[in-house]
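What follows is a set of notes on a single structure, which appears directly below.
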Amino acid sequence: WVEMATLDLWGCSWGLPALLSPPDAEKTPAYWNKSARRRLELALASQPAAQRAKNIILFMGDGMGLSTMSAARIYKGQLAGGSGEESVLAMETFPHMALAKVSGAVLGGTLPLAPLETPLHPSCFQTYTIDRQVPDSAGTGTAYLCGVKANAKTLGLSGAAVYGKCHSTFGNEVDSVLHRARLAGKSVGIVTTTRVQHASPGAAYAHSASRGWYADANMPKEALRDGCKDIAYQLVHNTDINVILGGGRMYMSPRQTPDPEYPEDLDQNGTRRDGRDLIAEWLSAKQGARYVWDKKGLDAVEDDSVSHLMGLFEPKDMRYELNRNTSTDPSIVEMTEKAVRILRRNPNGFFLFVEDDHTPRAGGRIDHGHHSGRAKQALMEAVMLDRAVARAGELTSPADTLTVVTADHSHVFTFGGSTPRGNSIFGLAPKKAKDKRAYTSILYGNGPGYSIRDGARPAASLPAAEDKDYRQQAAVPLETETHSGEDVVVLAQGPMAQLFHGVQEQHYIAHAMAYAACLEPYATEPGCRAARRASQGTQCSPQPLLALLALCMAALIVRG
């Protein structure tokens with residue numbers, strides 16, 4: 001009776017309960033016993049991958065805490081016509097897991113990398129920043145990309161830098177894994193559904209005392225006078241990034257420059273006061289570079305025809321997936337595929353950072369959705385990020401590509417209410433609250449969903465609660481919903497994925513990735529010389545091997 005669905009997204013087959021099992025199968029012990037045995041066999045057969053990673057892909061769901069992942073899993077299953085609970089996200093098929101601390105404290109000294117022979121266990125990562133118990137996306141981005149904890153709202157700087165103080169920038173810069181990968185000869189790329197100058201991708205290339213210094217127009221005169229550069233300027237001039245895909249056109253162009261997509265909307269015009277056209281500067285400095293601003297332009301780019309690609313598809317952040325114009329704006333899946341196809345041409349490998357924000361404010365669109373209290377927008381972004389994970393897995397191999405999926409922080413988002421199996425994730429709880437009014441399963445601890453009408457909480461109702469712009473109710477009134485401080489999950493697949501284990505500080509992620517790919521400061525660690533030789537070997541022409549094969553075949557024919 002037990003039907004199994006096999007997922008082979010990553011070169012490994014994972015036997016999982018089929019979405020459409022016989023109706024009564026789950027009522028039998030055999031269903032659960034066979035499912036558990038299959039998972040046990042997979043766990044026993046799992047072997048740590050001791051070789052080094054040629055490629056690294058870091059997927060970061062901005063605001064994608066565990067409750068968001070669980071709800072997205074159900075939503076994915078319901079979109080496919082199932083009850084939802086038995087669905088499996090592509091990222092959940094990864095064999096290694098850790099937890100990252102978003103709040104807590106370092107208990108003395110550095111965090112050693114676990115020896116390969118040490119038993120590894122699920123891990124958790126802590127996401128607090130030096131100055132905050134509950135973090136923001138800038139401080140966390142500096143941690144998981146640069147390998148050091150920092151202060152909130154600062155990018156690519158150590159904790160010695162002070163938010164908003166330009167002079168504290170100099171001498172406190174820290175380099176990201178992306179930057180180190182480029183120096184090591186790898187191709188590098190950024191894909192985001194926000195502006196490319198946003199805090200999360202910005203931590204990959206910028207050193208800024210304020211995450212809000214998108215363009216020079218966003219900077220105080222004192223900072224400009226002291227010699228600090230805006231984030232858009234640093235995007236073009238700090239690191240040689242091969243692929244840049246996301247939003248943020250307005251910060252790249254001089255003031256009053258009409259936007260190519262919205263030429264009549266003055267609010268979408270360029271904002272730069274220094275008169276620089278950063279897109280033109282970037283194009284002139286790169287041989288084989290292309291710039292596009294819509295899906296048609298992106299689709300027209302031949303993968304083997306460019307060494308550098310910049311695609312900026314909105315003046316600011318890109319649109320939510322549920323609001324996206326599919327004819328003019330690419331999805332995160334399409335952007336990820338284009339990036340991988342271009343970057344993987346480098347025989348030395350690549351590093352790719354992919355972000356989707358789950359909340360409607362400034363962050364990935366998952367993050368943005370939660371900040372606005374619109375759960376359906378946030379969960380659809382999470383589903384799309386998972387589809388991007390699956391597509392990247394089809395385009396790469398776990399034999400040489402380390403893929404990591406994590407979040408920078410979580411949100412005060414939850415779902416409950418004793419809902420029955422198959423209940424719409426956006427539906428109502430089966431029983432009314434103490435005030436005799438209906439409520440949705442999904443709720444927020446705070447945010448714009450707080451509402452009192454005629455002295456009482458308004459009752460939730462269908463179909464209104466299923467609308468993409470419906471705001472779930474919140475316990476505390478705030479203009480925007482806030483981040484939360486619980487640990488976030490890290491999922492990993494590929495070479496050295498076993499390094500992600502236990503409960504870790506969030507900055508450990510950057511160190512584990514650098515170690516896995518033989519990047520500084522781990523470039524001379526054991527195994528790195530052999531990894532470099534193997535990488536160089538991939539540059540050899542296949543012609544000598546073909547010639548040898550032809551000689552062998554000829555010898556066999558003569559003998560015959």
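Going through the structure tokens in order, the chains are called A, B, and so on, while each chain numbers its residues from 1 and the ligands are numbered from 1 in the order shown.
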
| task | Would you kindly return, as a list in words, each protein, DNA or RNA residue with an atom no farther than 10 Å from any atom of Glu222 of chain A, considering only C-alpha atoms and excluding same-chain residues fewer than 4 positions away? | result | Lys165, Cys166, His167, Asp226, Gly227 and Cys228 of chain A

| Using only C-alpha atoms: which of A:Arg387, A:Glu466, A:Val354, A:Ala289 has the shortest distance to Arg374 of chain A | A:Glu466

| message | Which residues are close to Leu385 of chain A, i.e. within 8 Å by only C-alpha atoms, leaving aside same-chain residues fewer than 6 positions away? Reply as an MDAnalysis selection string. | response | chainID A and resid 59 61 332:333 355:356

| task | Could you jot down the atom CA of Val292 of chain A to atom CA of Lys338 of chain A separation for me, Å, one decimal place? | result | 12.5 Å

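Residues in contact with Asp304 of chain A at up to 10 Å, not including ones fewer than 3 positions away on its chain and judged by only C-alpha atoms, are Val301, Ser307, Arg341, Ile342, Leu343 and Arg345 of chain A.
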
Selected residues written out with N, CA and C atoms, as a PDB file, in the first residue's frame:
```
ATOM      1  N   VAL A 301      20.268  36.971 -23.783  1.00  0.00           N
ATOM      2  CA  VAL A 301      21.696  36.817 -23.484  1.00  0.00           C
ATOM      3  C   VAL A 301      22.105  35.360 -23.672  1.00  0.00           C
ATOM      4  N   SER A 307      31.018  37.554 -20.427  1.00  0.00           N
ATOM      5  CA  SER A 307      31.808  37.259 -19.231  1.00  0.00           C
ATOM      6  C   SER A 307      31.214  37.949 -18.013  1.00  0.00           C
ATOM      7  N   ARG A 341      24.394  29.245 -15.366  1.00  0.00           N
ATOM      8  CA  ARG A 341      24.867  28.881 -16.706  1.00  0.00           C
ATOM      9  C   ARG A 341      26.078  29.724 -17.119  1.00  0.00           C
ATOM     10  N   ILE A 342      26.100  30.980 -16.723  1.00  0.00           N
ATOM     11  CA  ILE A 342      27.241  31.845 -17.067  1.00  0.00           C
ATOM     12  C   ILE A 342      28.444  31.546 -16.167  1.00  0.00           C
ATOM     13  N   LEU A 343      28.211  31.431 -14.872  1.00  0.00           N
ATOM     14  CA  LEU A 343      29.310  31.267 -13.921  1.00  0.00           C
ATOM     15  C   LEU A 343      30.004  29.918 -14.051  1.00  0.00           C
ATOM     16  N   ARG A 345      30.944  28.273 -16.445  1.00  0.00           N
ATOM     17  CA  ARG A 345      31.914  28.151 -17.529  1.00  0.00           C
ATOM     18  C   ARG A 345      33.346  28.300 -17.032  1.00  0.00           C
TER      19      ARG A 345
END
```

| Mind checking DSSP for segment 135-237 of chain A and telling me the alpha helix (DSSP H) residues as a ChimeraX atom specification? | /A:137-146,177-183,199-202,221-225,231-237

| message | as a list in words, please: the residues near Pro477 of chain A (cut-off 9 Å, only C-alpha atoms, same-chain neighbours under 5 positions excluded). | response |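 So, after excluding close chain neighbours, the residues are Asn446, Gly447, Pro448, Gly449, Tyr450 and Ser451 of chain A.
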
| request: Determine the nearest neighbour of Thr271 of chain A from the options A:Lys295, A:Arg529, A:Lys316, A:His308, counting only C-alpha atoms. | output: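 Nearest to Thr271 of chain A: A:Lys316.
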
| DSSP strand (DSSP E or B) residues within segment 80-328 of chain A, as a ChimeraX atom specification | /A:96-101,124-126,155,157,173,187-195,208,243-247,254,272,289-292,308-312

Any chance you could export the current selection's C-alpha atoms as a PDB file, in the first residue's frame?
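Once everything was written out, this is out23.pdb:
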```pdb
ATOM      1  CA  HIS A  96      23.214  17.995   6.528  1.00  0.00           C
ATOM      2  CA  MET A  97      21.685  20.567   8.827  1.00  0.00           C
ATOM      3  CA  ALA A  98      22.738  23.081  11.454  1.00  0.00           C
ATOM      4  CA  LEU A  99      21.184  25.852  13.509  1.00  0.00           C
ATOM      5  CA  ALA A 100      22.558  29.379  13.537  1.00  0.00           C
ATOM      6  CA  LYS A 101      22.199  31.610  16.597  1.00  0.00           C
ATOM      7  CA  CYS A 124      21.722  25.646  14.706  1.00  0.00           C
ATOM      8  CA  PHE A 125      23.056  29.145  14.009  1.00  0.00           C
ATOM      9  CA  GLN A 126      22.699  32.204  16.213  1.00  0.00           C
ATOM     10  CA  LEU A 155      27.939  46.417   6.091  1.00  0.00           C
ATOM     11  CA  LEU A 157      32.783  46.222   8.733  1.00  0.00           C
ATOM     12  CA  GLU A 173      36.814  46.672   6.526  1.00  0.00           C
ATOM     13  CA  SER A 187      33.615  33.624 -11.096  1.00  0.00           C
ATOM     14  CA  VAL A 188      31.145  35.238  -8.696  1.00  0.00           C
ATOM     15  CA  GLY A 189      27.556  36.407  -8.860  1.00  0.00           C
ATOM     16  CA  ILE A 190      24.655  37.968  -6.964  1.00  0.00           C
ATOM     17  CA  VAL A 191      20.955  37.268  -7.539  1.00  0.00           C
ATOM     18  CA  THR A 192      18.317  39.011  -5.428  1.00  0.00           C
ATOM     19  CA  THR A 193      14.638  39.925  -5.565  1.00  0.00           C
ATOM     20  CA  THR A 194      15.453  43.194  -3.791  1.00  0.00           C
ATOM     21  CA  ARG A 195      17.635  46.074  -4.960  1.00  0.00           C
ATOM     22  CA  SER A 208      29.522  50.964   4.683  1.00  0.00           C
ATOM     23  CA  VAL A 243      26.776  38.421 -12.642  1.00  0.00           C
ATOM     24  CA  ILE A 244      24.565  41.011 -10.919  1.00  0.00           C
ATOM     25  CA  LEU A 245      20.794  40.424 -11.150  1.00  0.00           C
ATOM     26  CA  GLY A 246      18.057  42.168  -9.164  1.00  0.00           C
ATOM     27  CA  GLY A 247      16.524  45.623  -8.753  1.00  0.00           C
ATOM     28  CA  PRO A 254      22.275  60.649 -12.506  1.00  0.00           C
ATOM     29  CA  ARG A 272      22.703  60.263  -8.168  1.00  0.00           C
ATOM     30  CA  ALA A 289      29.861  42.764 -20.564  1.00  0.00           C
ATOM     31  CA  ARG A 290      26.098  43.114 -21.096  1.00  0.00           C
ATOM     32  CA  TYR A 291      23.442  45.180 -19.344  1.00  0.00           C
ATOM     33  CA  VAL A 292      19.708  44.357 -19.510  1.00  0.00           C
ATOM     34  CA  HIS A 308      29.851  39.815 -17.197  1.00  0.00           C
ATOM     35  CA  LEU A 309      26.092  40.398 -16.964  1.00  0.00           C
ATOM     36  CA  MET A 310      24.208  43.092 -15.076  1.00  0.00           C
ATOM     37  CA  GLY A 311      20.422  42.962 -15.038  1.00  0.00           C
ATOM     38  CA  LEU A 312      18.481  45.588 -13.075  1.00  0.00           C
TER      39      LEU A 312
END
```

| request: Can you work out which one of A:Ala530, A:Phe170, A:Ala475, A:Pro95 has the shortest atom-to-atom distance to Phe500 of chain A, counting only C-alpha atoms? | output: A:Pro95

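Among the candidates A:Tyr508, A:Tyr515, A:Tyr262, A:Tyr522, the one nearest to Pro495 of chain A when counting only C-alpha atoms is A:Tyr515.
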
| field | Selected residue of minimal separation from Ala388 of chain A among A:Tyr470, A:Phe353, A:Phe413, A:Tyr214, counting only C-alpha atoms | value |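 Closest to Ala388 of chain A of all the choices is A:Phe353.
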
| request: Calculate how many Å separate atom CA of Pro347 of chain A from atom CA of Lys54 of chain A, rounding to one decimal. | output: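 Interatomic distance, atom CA of Pro347 of chain A to atom CA of Lys54 of chain A: 8.8 Å.
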